[in-house]
Amino acid sequence: MSQNTQAISESSTLDMYARLKLLQQYRNIAIVGVSADQYRPSHFVAIYMKAEGYNIVLINPRYAGQTILGKKVYASLSEAKAAGETIEIVDVFRKAADTPPIAEEAIKIGAKVLWLQLGIRNDEVGARAREAGLLFVQDRCIKMEHARFFGGLHTVGLNTGVILSRMRL
């Protein structure tokens, strides 16, 4: 990756301080693409964020109407919003090509943040989200970011005692 490409990629997502602030400010997270499989990253993130006191709203048409982690699963963000769910952060576990309609739905329901999980990048979706007034994060894991900022590696995660390659004092 060239330096120019890296600079553009890095600037296409919120910086560390903005990510910290949004995790402090917003407490209602829709997890799009949640899995019932306890070994899938989306399931693990849902467990962690719920354990950390966030309200999770689960979205996956495959499991619509079922219950995962004691929460009803909705087919779409719009269905969850119509059912009275509050959604501030839309955390996406779908491949990059699937994110444009999710972004449009997040805009439509009035979400505040569109967050594409680790390994998912779509700069066009980011531009559209920002144009509509949403904060945008991509290629970052919300659980890992939360654990890094708030020391939650011990909660439903690994207690390595190491954050950012620095030993705990």
# chains A, B, ... in the order shown; residues from 1 in each chain; ligands from 1

call {"tool": "residues_around", "arguments": {"residues": "stretch 49-52 of chain A", "least_positions_apart": "6", "cutoff": "12 Å", "atoms": "only C-alpha atoms", "output": "PyMOL selection string"}}
result
chain A and resi 23-24+26-31+42-43+58+68-71+89+91+141-147+150-157

call {"tool": "closest_atom_pairs", "arguments": {"of": "stretch 13-79 of chain A", "to": "stretch 96-113 of chain A", "cutoff": "9 Å", "atoms": "only C-alpha atoms", "output": "CSV"}}
result
residue,atom,partner,partner_atom,distance
A:Leu22,CA,A:Val113,CA,8.2
A:Tyr26,CA,A:Lys112,CA,8.4
A:Val32,CA,A:Ile102,CA,8.4
A:Ser76,CA,A:Glu105,CA,8.5
A:Leu77,CA,A:Glu105,CA,6.7
A:Ser78,CA,A:Ile109,CA,6.5

call {"tool": "write_last_selection", "arguments": {"atoms": "N, CA and C atoms", "output": "compact mmCIF listing (two decimals), in the first residue's frame"}}
result
# COMPACT_ATOMS: atom_id res chain seq x y z
N LEU A 22 -17.40 8.26 21.13
CA LEU A 22 -18.68 7.68 20.70
C LEU A 22 -19.04 6.45 21.52
N TYR A 26 -22.76 6.79 23.14
CA TYR A 26 -23.86 5.99 22.61
C TYR A 26 -23.87 4.61 23.24
N VAL A 32 -25.55 -5.98 13.04
CA VAL A 32 -26.08 -6.47 11.77
C VAL A 32 -25.23 -7.64 11.30
N SER A 76 -34.38 -6.67 9.94
CA SER A 76 -33.75 -5.46 9.41
C SER A 76 -33.71 -4.37 10.47
N LEU A 77 -32.91 -3.36 10.20
CA LEU A 77 -32.86 -2.19 11.09
C LEU A 77 -34.22 -1.51 11.16
N SER A 78 -34.89 -1.40 10.02
CA SER A 78 -36.20 -0.75 9.97
C SER A 78 -37.22 -1.50 10.82

call {"tool": "atom_distance", "arguments": {"atom1": "atom CA of A:Gln38", "atom2": "atom CA of A:Ala82"}}
result
27.7 Å

call {"tool": "atom_distance", "arguments": {"atom1": "atom CA of A:Tyr63", "atom2": "atom CA of A:Ala75"}}
result
7.4 Å

call {"tool": "atom_distance", "arguments": {"atom1": "atom CA of A:Gly84", "atom2": "atom CA of A:Ala64"}}
result
15.8 Å

call {"tool": "select_by_dssp", "arguments": {"residues": "chain A", "states": "helix (DSSP H, G or I)", "output": "ChimeraX atom specification"}}
result
/A:3-11,16-25,41-51,61-63,77-82,96-109,123-131,142-150,152-154

call {"tool": "closest_residue", "arguments": {"among": "A:Gly33, A:Pro61, A:Gly133, A:Gly53", "to": "A:Gln117", "atoms": "only C-alpha atoms"}}
result
A:Gly33

call {"tool": "closest_residue", "arguments": {"among": "A:Arg19, A:Lys95, A:Lys72, A:Arg148", "to": "A:Ile120", "atoms": "only C-alpha atoms"}}
result
A:Lys95

call {"tool": "select_by_dssp", "arguments": {"residues": "chain A", "states": "strand (DSSP E)", "output": "NGL selection string"}}
result
:A and (28-32 or 55-59 or 67-68 or 71-74 or 89-92 or 113-116 or 135-137 or 162-163 or 166-167)

call {"tool": "residues_around", "arguments": {"residues": "A:Trp115", "least_positions_apart": "6", "cutoff": "7 Å", "atoms": "only C-alpha atoms", "output": "ChimeraX atom specification"}}
result
/A:89-92,136-138
